Structure formats: structure tokens, C-alpha cells
$ cat my_file01.cif   # mmCIF, N, CA and C atoms
data_start
loop_
_atom_site.label_atom_id
_atom_site.label_comp_id
_atom_site.auth_asym_id
_atom_site.auth_seq_id
_atom_site.Cartn_x
_atom_site.Cartn_y
_atom_site.Cartn_z
N MET O 1 0.85 -1.17 0.00
CA MET O 1 0.00 0.00 0.00
C MET O 1 0.90 1.23 0.00
N ASN O 2 0.58 2.13 -0.89
CA ASN O 2 1.41 3.33 -1.02
C ASN O 2 0.53 4.56 -0.79
N PHE O 3 0.64 5.15 0.40
CA PHE O 3 -0.14 6.35 0.69
C PHE O 3 0.60 7.19 1.72
N ASP O 4 0.23 8.43 1.78
CA ASP O 4 0.78 9.37 2.74
C ASP O 4 -0.08 9.31 4.00
N LYS O 5 0.51 8.81 5.09
CA LYS O 5 -0.21 8.61 6.35
C LYS O 5 -0.89 9.89 6.83
N GLU O 6 -0.15 10.97 6.89
CA GLU O 6 -0.71 12.23 7.39
C GLU O 6 -1.82 12.76 6.48
N LYS O 7 -1.63 12.61 5.18
CA LYS O 7 -2.65 13.06 4.23
C LYS O 7 -3.94 12.25 4.40
N MET O 8 -3.82 10.93 4.58
CA MET O 8 -4.99 10.08 4.76
C MET O 8 -5.73 10.43 6.05
N LEU O 9 -5.01 10.66 7.15
CA LEU O 9 -5.65 11.04 8.41
C LEU O 9 -6.34 12.40 8.28
N GLN O 10 -5.67 13.33 7.61
CA GLN O 10 -6.26 14.65 7.40
C GLN O 10 -7.54 14.54 6.58
N LEU O 11 -7.51 13.74 5.53
CA LEU O 11 -8.68 13.55 4.68
C LEU O 11 -9.84 12.96 5.48
N CYS O 12 -9.59 11.91 6.26
CA CYS O 12 -10.64 11.30 7.07
C CYS O 12 -11.23 12.30 8.05
N ASN O 13 -10.38 13.08 8.71
CA ASN O 13 -10.86 14.06 9.67
C ASN O 13 -11.61 15.20 8.99
N GLU O 14 -11.19 15.61 7.80
CA GLU O 14 -11.91 16.65 7.06
C GLU O 14 -13.30 16.17 6.64
N TRP O 15 -13.40 14.91 6.20
CA TRP O 15 -14.69 14.37 5.78
C TRP O 15 -15.67 14.26 6.94
N SER O 16 -15.16 14.28 8.16
CA SER O 16 -16.01 14.16 9.34
C SER O 16 -16.72 15.45 9.72
N LYS O 17 -16.28 16.56 9.14
CA LYS O 17 -16.88 17.85 9.51
C LYS O 17 -18.36 17.88 9.13
N ASN O 18 -19.16 18.45 10.05
CA ASN O 18 -20.61 18.58 9.87
C ASN O 18 -21.32 17.24 9.69
N THR O 19 -20.83 16.22 10.39
CA THR O 19 -21.43 14.88 10.32
C THR O 19 -21.60 14.33 11.74
N LEU O 20 -22.14 13.13 11.84
CA LEU O 20 -22.25 12.46 13.13
C LEU O 20 -20.87 12.29 13.77
N MET O 21 -19.85 12.03 12.95
CA MET O 21 -18.51 11.84 13.50
C MET O 21 -18.04 13.09 14.25
N GLU O 22 -18.33 14.26 13.72
CA GLU O 22 -17.97 15.50 14.42
C GLU O 22 -18.80 15.64 15.69
N THR O 23 -20.09 15.33 15.62
CA THR O 23 -20.96 15.41 16.79
C THR O 23 -20.43 14.52 17.92
N LEU O 24 -19.97 13.31 17.58
CA LEU O 24 -19.45 12.38 18.57
C LEU O 24 -17.98 12.63 18.92
N GLN O 25 -17.38 13.64 18.29
CA GLN O 25 -15.98 14.03 18.50
C GLN O 25 -15.01 12.90 18.16
N ILE O 26 -15.33 12.16 17.10
CA ILE O 26 -14.45 11.09 16.63
C ILE O 26 -13.29 11.73 15.88
N GLU O 27 -12.08 11.27 16.21
CA GLU O 27 -10.87 11.78 15.55
C GLU O 27 -10.04 10.59 15.07
N TYR O 28 -9.66 10.62 13.80
CA TYR O 28 -8.80 9.58 13.23
C TYR O 28 -7.37 9.89 13.62
N ILE O 29 -6.68 8.90 14.21
CA ILE O 29 -5.37 9.18 14.81
C ILE O 29 -4.22 8.34 14.27
N ASP O 30 -4.50 7.20 13.62
CA ASP O 30 -3.41 6.37 13.11
C ASP O 30 -3.91 5.54 11.94
N VAL O 31 -3.02 5.30 11.00
CA VAL O 31 -3.34 4.49 9.83
C VAL O 31 -2.07 3.78 9.41
N GLY O 32 -2.24 2.59 8.86
CA GLY O 32 -1.10 1.82 8.39
C GLY O 32 -1.56 0.70 7.49
N GLU O 33 -0.69 -0.26 7.26
CA GLU O 33 -0.97 -1.38 6.38
C GLU O 33 -2.19 -2.16 6.86
N GLY O 34 -3.34 -1.94 6.21
CA GLY O 34 -4.55 -2.70 6.51
C GLY O 34 -5.29 -2.31 7.77
N PHE O 35 -5.04 -1.13 8.34
CA PHE O 35 -5.77 -0.72 9.53
C PHE O 35 -5.96 0.79 9.58
N LEU O 36 -6.97 1.21 10.36
CA LEU O 36 -7.23 2.61 10.66
C LEU O 36 -7.72 2.68 12.09
N THR O 37 -7.24 3.68 12.84
CA THR O 37 -7.62 3.86 14.25
C THR O 37 -8.20 5.24 14.46
N ALA O 38 -9.28 5.29 15.25
CA ALA O 38 -9.90 6.55 15.65
C ALA O 38 -10.14 6.51 17.14
N LYS O 39 -10.33 7.69 17.73
CA LYS O 39 -10.67 7.76 19.15
C LYS O 39 -11.92 8.59 19.33
N MET O 40 -12.60 8.34 20.47
CA MET O 40 -13.82 9.08 20.80
C MET O 40 -13.86 9.29 22.30
N PRO O 41 -14.12 10.52 22.75
CA PRO O 41 -14.24 10.75 24.19
C PRO O 41 -15.53 10.13 24.73
N VAL O 42 -15.47 9.64 25.96
CA VAL O 42 -16.64 9.10 26.63
C VAL O 42 -17.04 10.08 27.72
N SER O 43 -18.20 10.69 27.53
CA SER O 43 -18.75 11.66 28.47
C SER O 43 -20.27 11.55 28.40
N SER O 44 -20.96 12.42 29.08
CA SER O 44 -22.42 12.36 29.10
C SER O 44 -23.03 12.47 27.71
N ARG O 45 -22.33 13.05 26.76
CA ARG O 45 -22.89 13.19 25.41
C ARG O 45 -23.04 11.85 24.69
N VAL O 46 -22.35 10.80 25.14
CA VAL O 46 -22.47 9.47 24.53
C VAL O 46 -22.93 8.41 25.54
N HIS O 47 -23.47 8.86 26.67
CA HIS O 47 -23.97 7.93 27.70
C HIS O 47 -25.39 7.50 27.41
N GLN O 48 -25.74 6.33 27.93
CA GLN O 48 -27.13 5.91 28.05
C GLN O 48 -27.59 6.33 29.45
N PRO O 49 -28.88 6.16 29.79
CA PRO O 49 -29.39 6.70 31.06
C PRO O 49 -28.67 6.25 32.33
N LEU O 50 -28.00 5.12 32.34
CA LEU O 50 -27.29 4.66 33.54
C LEU O 50 -25.88 5.25 33.65
N GLY O 51 -25.53 6.16 32.74
CA GLY O 51 -24.22 6.80 32.81
C GLY O 51 -23.09 5.99 32.19
N LEU O 52 -23.44 5.04 31.33
CA LEU O 52 -22.44 4.20 30.65
C LEU O 52 -22.41 4.54 29.17
N LEU O 53 -21.29 4.23 28.52
CA LEU O 53 -21.17 4.41 27.08
C LEU O 53 -22.31 3.67 26.38
N HIS O 54 -23.04 4.39 25.57
CA HIS O 54 -24.19 3.85 24.84
C HIS O 54 -23.70 2.92 23.74
N GLY O 55 -24.32 1.75 23.63
CA GLY O 55 -23.94 0.81 22.59
C GLY O 55 -24.10 1.39 21.19
N GLY O 56 -25.08 2.24 21.00
CA GLY O 56 -25.28 2.88 19.70
C GLY O 56 -24.13 3.80 19.33
N ALA O 57 -23.59 4.52 20.31
CA ALA O 57 -22.43 5.38 20.06
C ALA O 57 -21.22 4.53 19.72
N THR O 58 -21.08 3.40 20.39
CA THR O 58 -19.97 2.48 20.10
C THR O 58 -20.07 1.95 18.68
N VAL O 59 -21.27 1.57 18.27
CA VAL O 59 -21.48 1.06 16.91
C VAL O 59 -21.26 2.17 15.88
N ALA O 60 -21.69 3.38 16.20
CA ALA O 60 -21.44 4.51 15.28
C ALA O 60 -19.94 4.72 15.10
N LEU O 61 -19.17 4.62 16.18
CA LEU O 61 -17.71 4.73 16.09
C LEU O 61 -17.15 3.61 15.22
N ALA O 62 -17.61 2.38 15.45
CA ALA O 62 -17.11 1.23 14.68
C ALA O 62 -17.42 1.38 13.20
N GLU O 63 -18.66 1.75 12.87
CA GLU O 63 -19.02 1.89 11.46
C GLU O 63 -18.27 3.05 10.81
N SER O 64 -18.05 4.12 11.57
CA SER O 64 -17.32 5.27 11.03
C SER O 64 -15.88 4.89 10.67
N VAL O 65 -15.20 4.21 11.57
CA VAL O 65 -13.80 3.87 11.29
C VAL O 65 -13.69 2.78 10.23
N GLY O 66 -14.61 1.82 10.24
CA GLY O 66 -14.57 0.77 9.22
C GLY O 66 -14.89 1.29 7.83
N SER O 67 -15.84 2.20 7.74
CA SER O 67 -16.17 2.78 6.43
C SER O 67 -15.03 3.64 5.92
N ALA O 68 -14.47 4.46 6.79
CA ALA O 68 -13.33 5.29 6.37
C ALA O 68 -12.14 4.42 5.98
N ALA O 69 -11.97 3.29 6.66
CA ALA O 69 -10.85 2.40 6.35
C ALA O 69 -10.94 1.83 4.94
N SER O 70 -12.16 1.64 4.44
CA SER O 70 -12.30 1.14 3.07
C SER O 70 -11.70 2.11 2.05
N LEU O 71 -11.59 3.38 2.43
CA LEU O 71 -10.95 4.36 1.53
C LEU O 71 -9.49 4.02 1.25
N LEU O 72 -8.87 3.23 2.14
CA LEU O 72 -7.48 2.83 1.93
C LEU O 72 -7.32 1.98 0.68
N PHE O 73 -8.40 1.32 0.26
CA PHE O 73 -8.31 0.33 -0.82
C PHE O 73 -9.06 0.71 -2.09
N ILE O 74 -9.73 1.86 -2.09
CA ILE O 74 -10.50 2.22 -3.28
C ILE O 74 -10.05 3.58 -3.81
N ASN O 75 -10.41 3.84 -5.03
CA ASN O 75 -10.20 5.16 -5.62
C ASN O 75 -11.42 5.98 -5.25
N HIS O 76 -11.30 6.80 -4.18
CA HIS O 76 -12.48 7.50 -3.65
C HIS O 76 -13.04 8.55 -4.60
N GLU O 77 -12.34 8.84 -5.68
CA GLU O 77 -12.91 9.74 -6.69
C GLU O 77 -13.85 9.00 -7.63
N LYS O 78 -13.66 7.66 -7.75
CA LYS O 78 -14.49 6.85 -8.66
C LYS O 78 -15.38 5.85 -7.94
N GLN O 79 -15.08 5.60 -6.66
CA GLN O 79 -15.83 4.59 -5.92
C GLN O 79 -16.21 5.14 -4.54
N GLU O 80 -17.20 4.48 -3.93
CA GLU O 80 -17.57 4.82 -2.56
C GLU O 80 -17.91 3.54 -1.82
N ALA O 81 -17.78 3.60 -0.50
CA ALA O 81 -18.07 2.45 0.35
C ALA O 81 -19.38 2.71 1.09
N ARG O 82 -20.21 1.67 1.16
CA ARG O 82 -21.47 1.75 1.90
C ARG O 82 -21.54 0.58 2.86
N GLY O 83 -21.74 0.87 4.13
CA GLY O 83 -21.92 -0.19 5.11
C GLY O 83 -23.23 -0.91 4.85
N ILE O 84 -23.17 -2.25 4.78
CA ILE O 84 -24.40 -3.01 4.53
C ILE O 84 -24.75 -3.94 5.70
N GLU O 85 -23.79 -4.21 6.58
CA GLU O 85 -24.09 -5.02 7.76
C GLU O 85 -23.06 -4.71 8.84
N ILE O 86 -23.55 -4.60 10.07
CA ILE O 86 -22.65 -4.41 11.21
C ILE O 86 -23.19 -5.22 12.38
N SER O 87 -22.27 -5.82 13.12
CA SER O 87 -22.65 -6.53 14.35
C SER O 87 -21.68 -6.10 15.44
N ALA O 88 -22.16 -6.16 16.67
CA ALA O 88 -21.33 -5.73 17.80
C ALA O 88 -21.60 -6.60 19.02
N ASN O 89 -20.53 -6.96 19.69
CA ASN O 89 -20.60 -7.61 20.99
C ASN O 89 -20.00 -6.64 21.99
N HIS O 90 -20.82 -6.18 22.94
CA HIS O 90 -20.35 -5.26 23.98
C HIS O 90 -19.91 -6.09 25.18
N LEU O 91 -18.64 -6.00 25.53
CA LEU O 91 -18.05 -6.89 26.52
C LEU O 91 -17.75 -6.22 27.85
N ARG O 92 -17.58 -4.92 27.84
CA ARG O 92 -17.20 -4.19 29.06
C ARG O 92 -17.82 -2.81 28.98
N SER O 93 -18.18 -2.24 30.12
CA SER O 93 -18.76 -0.90 30.14
C SER O 93 -17.67 0.15 30.33
N LYS O 94 -18.05 1.40 30.05
CA LYS O 94 -17.10 2.52 30.16
C LYS O 94 -17.91 3.74 30.55
N ARG O 95 -17.44 4.50 31.55
CA ARG O 95 -18.16 5.68 32.03
C ARG O 95 -17.52 6.99 31.58
N GLU O 96 -16.20 7.01 31.50
CA GLU O 96 -15.50 8.26 31.15
C GLU O 96 -14.15 7.93 30.56
N GLY O 97 -13.52 8.95 29.99
CA GLY O 97 -12.20 8.77 29.37
C GLY O 97 -12.32 8.77 27.85
N GLU O 98 -11.64 7.82 27.23
CA GLU O 98 -11.66 7.70 25.77
C GLU O 98 -11.75 6.24 25.39
N VAL O 99 -12.30 6.00 24.21
CA VAL O 99 -12.24 4.67 23.61
C VAL O 99 -11.56 4.80 22.25
N PHE O 100 -10.93 3.72 21.84
CA PHE O 100 -10.17 3.67 20.60
C PHE O 100 -10.72 2.55 19.73
N ALA O 101 -10.97 2.84 18.47
CA ALA O 101 -11.48 1.85 17.53
C ALA O 101 -10.43 1.60 16.46
N THR O 102 -10.04 0.35 16.31
CA THR O 102 -9.10 -0.02 15.26
C THR O 102 -9.77 -1.01 14.33
N ALA O 103 -9.89 -0.62 13.07
CA ALA O 103 -10.46 -1.47 12.03
C ALA O 103 -9.32 -2.17 11.30
N ARG O 104 -9.43 -3.49 11.18
CA ARG O 104 -8.46 -4.29 10.43
C ARG O 104 -9.20 -5.10 9.37
N ILE O 105 -8.63 -5.09 8.17
CA ILE O 105 -9.27 -5.77 7.04
C ILE O 105 -9.18 -7.29 7.23
N LEU O 106 -10.31 -7.96 7.04
CA LEU O 106 -10.35 -9.43 7.05
C LEU O 106 -10.49 -9.97 5.64
N HIS O 107 -11.22 -9.24 4.80
CA HIS O 107 -11.40 -9.64 3.40
C HIS O 107 -11.49 -8.38 2.55
N GLN O 108 -10.67 -8.34 1.51
CA GLN O 108 -10.68 -7.23 0.57
C GLN O 108 -11.00 -7.76 -0.82
N GLY O 109 -12.27 -7.70 -1.18
CA GLY O 109 -12.68 -8.09 -2.52
C GLY O 109 -12.92 -6.85 -3.37
N ARG O 110 -13.27 -7.07 -4.63
CA ARG O 110 -13.56 -5.93 -5.51
C ARG O 110 -14.83 -5.21 -5.11
N SER O 111 -15.82 -5.98 -4.62
CA SER O 111 -17.11 -5.36 -4.32
C SER O 111 -17.49 -5.41 -2.84
N LEU O 112 -16.76 -6.17 -2.03
CA LEU O 112 -17.04 -6.25 -0.60
C LEU O 112 -15.75 -6.17 0.20
N HIS O 113 -15.82 -5.43 1.31
CA HIS O 113 -14.74 -5.38 2.30
C HIS O 113 -15.33 -5.85 3.63
N LEU O 114 -14.62 -6.72 4.33
CA LEU O 114 -15.03 -7.18 5.65
C LEU O 114 -13.99 -6.70 6.65
N TRP O 115 -14.47 -5.98 7.68
CA TRP O 115 -13.59 -5.39 8.69
C TRP O 115 -13.92 -5.94 10.08
N GLU O 116 -12.86 -6.15 10.87
CA GLU O 116 -13.01 -6.41 12.29
C GLU O 116 -12.60 -5.12 13.00
N ILE O 117 -13.47 -4.64 13.90
CA ILE O 117 -13.19 -3.40 14.62
C ILE O 117 -13.19 -3.70 16.11
N LYS O 118 -12.04 -3.48 16.73
CA LYS O 118 -11.93 -3.65 18.18
C LYS O 118 -11.99 -2.28 18.83
N ILE O 119 -12.90 -2.14 19.80
CA ILE O 119 -13.03 -0.91 20.60
C ILE O 119 -12.38 -1.21 21.94
N THR O 120 -11.36 -0.42 22.28
CA THR O 120 -10.63 -0.63 23.53
C THR O 120 -10.61 0.65 24.36
N ASP O 121 -10.24 0.49 25.64
CA ASP O 121 -10.08 1.66 26.49
C ASP O 121 -8.62 2.10 26.50
N GLU O 122 -8.28 3.04 27.35
CA GLU O 122 -6.92 3.59 27.40
C GLU O 122 -5.88 2.55 27.79
N GLN O 123 -6.29 1.51 28.51
CA GLN O 123 -5.36 0.44 28.93
C GLN O 123 -5.33 -0.72 27.94
N GLY O 124 -6.06 -0.59 26.83
CA GLY O 124 -6.09 -1.65 25.83
C GLY O 124 -7.08 -2.75 26.13
N LYS O 125 -7.93 -2.58 27.16
CA LYS O 125 -8.95 -3.59 27.47
C LYS O 125 -10.07 -3.51 26.44
N LEU O 126 -10.52 -4.69 26.00
CA LEU O 126 -11.54 -4.76 24.97
C LEU O 126 -12.90 -4.36 25.53
N ILE O 127 -13.51 -3.35 24.92
CA ILE O 127 -14.83 -2.86 25.30
C ILE O 127 -15.89 -3.52 24.40
N SER O 128 -15.66 -3.51 23.10
CA SER O 128 -16.60 -4.10 22.13
C SER O 128 -15.82 -4.69 20.96
N LEU O 129 -16.40 -5.71 20.38
CA LEU O 129 -15.85 -6.33 19.17
C LEU O 129 -16.92 -6.27 18.10
N CYS O 130 -16.57 -5.64 16.99
CA CYS O 130 -17.55 -5.40 15.93
C CYS O 130 -17.04 -5.98 14.61
N LYS O 131 -17.99 -6.24 13.72
CA LYS O 131 -17.68 -6.70 12.38
C LYS O 131 -18.53 -5.88 11.42
N LEU O 132 -17.90 -5.35 10.37
CA LEU O 132 -18.58 -4.50 9.40
C LEU O 132 -18.32 -5.00 7.99
N THR O 133 -19.39 -5.09 7.20
CA THR O 133 -19.27 -5.40 5.78
C THR O 133 -19.62 -4.15 4.99
N ASN O 134 -18.71 -3.73 4.12
CA ASN O 134 -18.93 -2.59 3.22
C ASN O 134 -19.06 -3.08 1.80
N MET O 135 -20.03 -2.52 1.08
CA MET O 135 -20.16 -2.76 -0.35
C MET O 135 -19.44 -1.63 -1.07
N ILE O 136 -18.68 -1.95 -2.09
CA ILE O 136 -17.96 -0.95 -2.88
C ILE O 136 -18.76 -0.70 -4.16
N LEU O 137 -19.14 0.56 -4.35
CA LEU O 137 -19.99 0.93 -5.48
C LEU O 137 -19.31 2.00 -6.32
N PRO O 138 -19.70 2.10 -7.61
CA PRO O 138 -19.19 3.21 -8.41
C PRO O 138 -19.79 4.52 -7.87
N ARG O 139 -18.98 5.56 -7.84
CA ARG O 139 -19.46 6.86 -7.37
C ARG O 139 -20.32 7.50 -8.44
N LYS O 140 -21.48 7.99 -8.01
CA LYS O 140 -22.36 8.72 -8.92
C LYS O 140 -22.07 10.19 -8.76
N ASN O 141 -21.77 10.87 -9.85
CA ASN O 141 -21.42 12.29 -9.79
C ASN O 141 -22.60 13.18 -9.79
#

$ encode --input "my_file01.cif" --output "C-alpha cells"
Amino acid sequence: MNFDKEKMLQLCNEWSKNTLMETLQIEYIDVGEGFLTAKMPVSSRVHQPLGLLHGGATVALAESVGSAASLLFINHEKQEARGIEISANHLRSKREGEVFATARILHQGRSLHLWEIKITDEQGKLISLCKLTNMILPRKN
């Protein structure tokens, strides 16, 4: 894979402006061979009523990083990625701090990408394990 790491992170963060990713304060922080990592603060803005990280916010983080990760493998001027299935297992709760989502490619086909996304806390403890399937489509201008 031949890409400029800083340029790819900048592009992902720019695309997040005025979207759910900006609302959730998701920031893309690392990218490399077959992976992309983002972080999200955990505060009352992403809590469920019991004061814990909402599973929906966790899934939004997972789908955001997995969809952006598909950009590593496509010509984003001619193609786009659309999430078609996501699953999540929530294993541990989180009240405050940050969570980190790392998407790693499991299958890279011409029309489908399968990603495993691990959501961890600051100590690397697994919070959620997600799987995302993206369909790769021609971009309509």
C-alpha cells in the first residue's frame, strides 16, 4: 500500500466535519498497512441513562472507522463504500475517558470489504468487538 499517512488522516478528519462523526468528536489518529484507528471521548454526550457508554455510540464509532478504512483500498474519486451489515458484541462498560477503535481488514474483494473493529479503552482492554461489511460501489457524480 502506497499512501501518505498524514494526508490520509487529514482527509478522514476533514470528511467528518458537519457529520455524526464530528458530533461524537471522533478523531482519526493512526493508519497503516490494513488498519485505521480513531478515538472518541466518553462523556455524558455518549452515555445511556445509567451513565455508561451507549452501545449505539460504540457502533457509530465502529461503522465510522470501518467505512473510512475502506478508503485505503479504493479510488475514492471513482468509488464509494457503503456499510451493509454491522454486528457488535459489547463486553465491558465505560463511564468516562476515551475509547479507541481499530479497524483491520479481514477480506478485501472488488465489491465487498469485511472489517473487524476492536473498541478498547486507554489500557487496551476490549470494550466491544464489531464486524462491518462494506459494499464498494461506483461513485455517482

$ residues_near_point --input "my_file01.cif" --point "(-11.0, -0.8, 28.4)" --cutoff "8 Å" --atoms "only N, CA and C atoms" --output "number ranges by chain"
O: 92-94, 98-100, 119-128

$ closest_residue --input "my_file01.cif" --among "O:Asp30, O:Gln108, O:Trp15, O:Ile136" --to "Gln79 in chain O" --atoms "only C-alpha atoms"
O:Ile136

$ resolve_selection --input "my_file01.cif" --expression "the PyMOL selection byres (((chain O and resi 35 and name CA) around 12) and name CA)" --output "mmCIF file with N, CA and C atoms, keeping the file's coordinate frame"
data_model
loop_
_atom_site.group_PDB
_atom_site.id
_atom_site.type_symbol
_atom_site.label_atom_id
_atom_site.label_comp_id
_atom_site.auth_asym_id
_atom_site.auth_seq_id
_atom_site.Cartn_x
_atom_site.Cartn_y
_atom_site.Cartn_z
ATOM 1 N N MET O 1 0.850 -1.170 0.000
ATOM 2 C CA MET O 1 0.000 0.000 0.000
ATOM 3 C C MET O 1 0.900 1.230 0.000
ATOM 4 N N LYS O 5 0.510 8.810 5.090
ATOM 5 C CA LYS O 5 -0.210 8.610 6.350
ATOM 6 C C LYS O 5 -0.890 9.890 6.830
ATOM 7 N N MET O 8 -3.820 10.930 4.580
ATOM 8 C CA MET O 8 -4.990 10.080 4.760
ATOM 9 C C MET O 8 -5.730 10.430 6.050
ATOM 10 N N LEU O 9 -5.010 10.660 7.150
ATOM 11 C CA LEU O 9 -5.650 11.040 8.410
ATOM 12 C C LEU O 9 -6.340 12.400 8.280
ATOM 13 N N TYR O 28 -9.660 10.620 13.800
ATOM 14 C CA TYR O 28 -8.800 9.580 13.230
ATOM 15 C C TYR O 28 -7.370 9.890 13.620
ATOM 16 N N ILE O 29 -6.680 8.900 14.210
ATOM 17 C CA ILE O 29 -5.370 9.180 14.810
ATOM 18 C C ILE O 29 -4.220 8.340 14.270
ATOM 19 N N ASP O 30 -4.500 7.200 13.620
ATOM 20 C CA ASP O 30 -3.410 6.370 13.110
ATOM 21 C C ASP O 30 -3.910 5.540 11.940
ATOM 22 N N VAL O 31 -3.020 5.300 11.000
ATOM 23 C CA VAL O 31 -3.340 4.490 9.830
ATOM 24 C C VAL O 31 -2.070 3.780 9.410
ATOM 25 N N GLY O 32 -2.240 2.590 8.860
ATOM 26 C CA GLY O 32 -1.100 1.820 8.390
ATOM 27 C C GLY O 32 -1.560 0.700 7.490
ATOM 28 N N GLU O 33 -0.690 -0.260 7.260
ATOM 29 C CA GLU O 33 -0.970 -1.380 6.380
ATOM 30 C C GLU O 33 -2.190 -2.160 6.860
ATOM 31 N N GLY O 34 -3.340 -1.940 6.210
ATOM 32 C CA GLY O 34 -4.550 -2.700 6.510
ATOM 33 C C GLY O 34 -5.290 -2.310 7.770
ATOM 34 N N LEU O 36 -6.970 1.210 10.360
ATOM 35 C CA LEU O 36 -7.230 2.610 10.660
ATOM 36 C C LEU O 36 -7.720 2.680 12.090
ATOM 37 N N THR O 37 -7.240 3.680 12.840
ATOM 38 C CA THR O 37 -7.620 3.860 14.250
ATOM 39 C C THR O 37 -8.200 5.240 14.460
ATOM 40 N N ALA O 38 -9.280 5.290 15.250
ATOM 41 C CA ALA O 38 -9.900 6.550 15.650
ATOM 42 C C ALA O 38 -10.140 6.510 17.140
ATOM 43 N N VAL O 65 -15.200 4.210 11.570
ATOM 44 C CA VAL O 65 -13.800 3.870 11.290
ATOM 45 C C VAL O 65 -13.690 2.780 10.230
ATOM 46 N N GLY O 66 -14.610 1.820 10.240
ATOM 47 C CA GLY O 66 -14.570 0.770 9.220
ATOM 48 C C GLY O 66 -14.890 1.290 7.830
ATOM 49 N N SER O 67 -15.840 2.200 7.740
ATOM 50 C CA SER O 67 -16.170 2.780 6.430
ATOM 51 C C SER O 67 -15.030 3.640 5.920
ATOM 52 N N ALA O 68 -14.470 4.460 6.790
ATOM 53 C CA ALA O 68 -13.330 5.290 6.370
ATOM 54 C C ALA O 68 -12.140 4.420 5.980
ATOM 55 N N ALA O 69 -11.970 3.290 6.660
ATOM 56 C CA ALA O 69 -10.850 2.400 6.350
ATOM 57 C C ALA O 69 -10.940 1.830 4.940
ATOM 58 N N SER O 70 -12.160 1.640 4.440
ATOM 59 C CA SER O 70 -12.300 1.140 3.070
ATOM 60 C C SER O 70 -11.700 2.110 2.050
ATOM 61 N N LEU O 71 -11.590 3.380 2.430
ATOM 62 C CA LEU O 71 -10.950 4.360 1.530
ATOM 63 C C LEU O 71 -9.490 4.020 1.250
ATOM 64 N N LEU O 72 -8.870 3.230 2.140
ATOM 65 C CA LEU O 72 -7.480 2.830 1.930
ATOM 66 C C LEU O 72 -7.320 1.980 0.680
ATOM 67 N N PHE O 73 -8.400 1.320 0.260
ATOM 68 C CA PHE O 73 -8.310 0.330 -0.820
ATOM 69 C C PHE O 73 -9.060 0.710 -2.090
ATOM 70 N N ALA O 101 -10.970 2.840 18.470
ATOM 71 C CA ALA O 101 -11.480 1.850 17.530
ATOM 72 C C ALA O 101 -10.430 1.600 16.460
ATOM 73 N N THR O 102 -10.040 0.350 16.310
ATOM 74 C CA THR O 102 -9.100 -0.020 15.260
ATOM 75 C C THR O 102 -9.770 -1.010 14.330
ATOM 76 N N ALA O 103 -9.890 -0.620 13.070
ATOM 77 C CA ALA O 103 -10.460 -1.470 12.030
ATOM 78 C C ALA O 103 -9.320 -2.170 11.300
ATOM 79 N N ARG O 104 -9.430 -3.490 11.180
ATOM 80 C CA ARG O 104 -8.460 -4.290 10.430
ATOM 81 C C ARG O 104 -9.200 -5.100 9.370
ATOM 82 N N ILE O 105 -8.630 -5.090 8.170
ATOM 83 C CA ILE O 105 -9.270 -5.770 7.040
ATOM 84 C C ILE O 105 -9.180 -7.290 7.230
ATOM 85 N N LEU O 106 -10.310 -7.960 7.040
ATOM 86 C CA LEU O 106 -10.350 -9.430 7.050
ATOM 87 C C LEU O 106 -10.490 -9.970 5.640
ATOM 88 N N LEU O 114 -14.620 -6.720 4.330
ATOM 89 C CA LEU O 114 -15.030 -7.180 5.650
ATOM 90 C C LEU O 114 -13.990 -6.700 6.650
ATOM 91 N N TRP O 115 -14.470 -5.980 7.680
ATOM 92 C CA TRP O 115 -13.590 -5.390 8.690
ATOM 93 C C TRP O 115 -13.920 -5.940 10.080
ATOM 94 N N GLU O 116 -12.860 -6.150 10.870
ATOM 95 C CA GLU O 116 -13.010 -6.410 12.290
ATOM 96 C C GLU O 116 -12.600 -5.120 13.000
ATOM 97 N N ILE O 117 -13.470 -4.640 13.900
ATOM 98 C CA ILE O 117 -13.190 -3.400 14.620
ATOM 99 C C ILE O 117 -13.190 -3.700 16.110
ATOM 100 N N LYS O 118 -12.040 -3.480 16.730
ATOM 101 C CA LYS O 118 -11.930 -3.650 18.180
ATOM 102 C C LYS O 118 -11.990 -2.280 18.830
#

$ closest_residue --input "my_file01.cif" --among "O:Glu96, O:His90, O:Met135, O:Glu6" --to "Leu112 in chain O" --atoms "only N, CA and C atoms"
O:Met135

$ residues_around --input "my_file01.cif" --residues "Ile84 in chain O" --least-positions-apart "2" --cutoff "7 Å" --atoms "only C-alpha atoms" --output "ChimeraX atom specification"
/O:82,133-135

$ write_last_selection --input "my_file01.cif" --atoms "N, CA and C atoms" --output "compact mmCIF listing (two decimals), keeping the file's coordinate frame"
# COMPACT_ATOMS: atom_id res chain seq x y z
N ARG O 82 -20.21 1.67 1.16
CA ARG O 82 -21.47 1.75 1.90
C ARG O 82 -21.54 0.58 2.86
N THR O 133 -19.39 -5.09 7.20
CA THR O 133 -19.27 -5.40 5.78
C THR O 133 -19.62 -4.15 4.99
N ASN O 134 -18.71 -3.73 4.12
CA ASN O 134 -18.93 -2.59 3.22
C ASN O 134 -19.06 -3.08 1.80
N MET O 135 -20.03 -2.52 1.08
CA MET O 135 -20.16 -2.76 -0.35
C MET O 135 -19.44 -1.63 -1.07

$ residues_around --input "my_file01.cif" --residues "Lys140 in chain O" --least-positions-apart "3" --cutoff "7 Å" --atoms "only N, CA and C atoms" --output "number ranges by chain"
O: 78-80, 137

$ closest_residue --input "my_file01.cif" --among "O:Asn89, O:Glu77, O:His113, O:Gln25" --to "Arg139 in chain O" --atoms "all atoms listed in the file"
O:Glu77

$ select_by_dssp --input "my_file01.cif" --residues "chain O" --states "alpha helix (DSSP H)" --output "ChimeraX atom specification"
/O:5-15,20-23,55-70

$ atom_distance --input "my_file01.cif" --atom1 "CA of Lys7 in chain O" --atom2 "CA of Leu61 in chain O"
20.9 Å

$ atom_distance --input "my_file01.cif" --atom1 "atom N of Gly83 in chain O" --atom2 "atom C of Lys131 in chain O"
10.4 Å

$ closest_residue --input "my_file01.cif" --among "O:Leu52, O:Met21, O:Leu11, O:Ile26" --to "Lys39 in chain O" --atoms "all atoms listed in the file"
O:Ile26

$ atom_distance --input "my_file01.cif" --atom1 "atom N of Ser44 in chain O" --atom2 "atom C of Leu132 in chain O"
27.5 Å

$ closest_residue --input "my_file01.cif" --among "O:Ile86, O:Ile74, O:Glu27, O:Ala57" --to "Asn13 in chain O" --atoms "only C-alpha atoms"
O:Glu27

$ closest_residue --input "my_file01.cif" --among "O:Ser111, O:Glu63, O:Cys130, O:Gly55" --to "Ser87 in chain O" --atoms "only C-alpha atoms"
O:Cys130
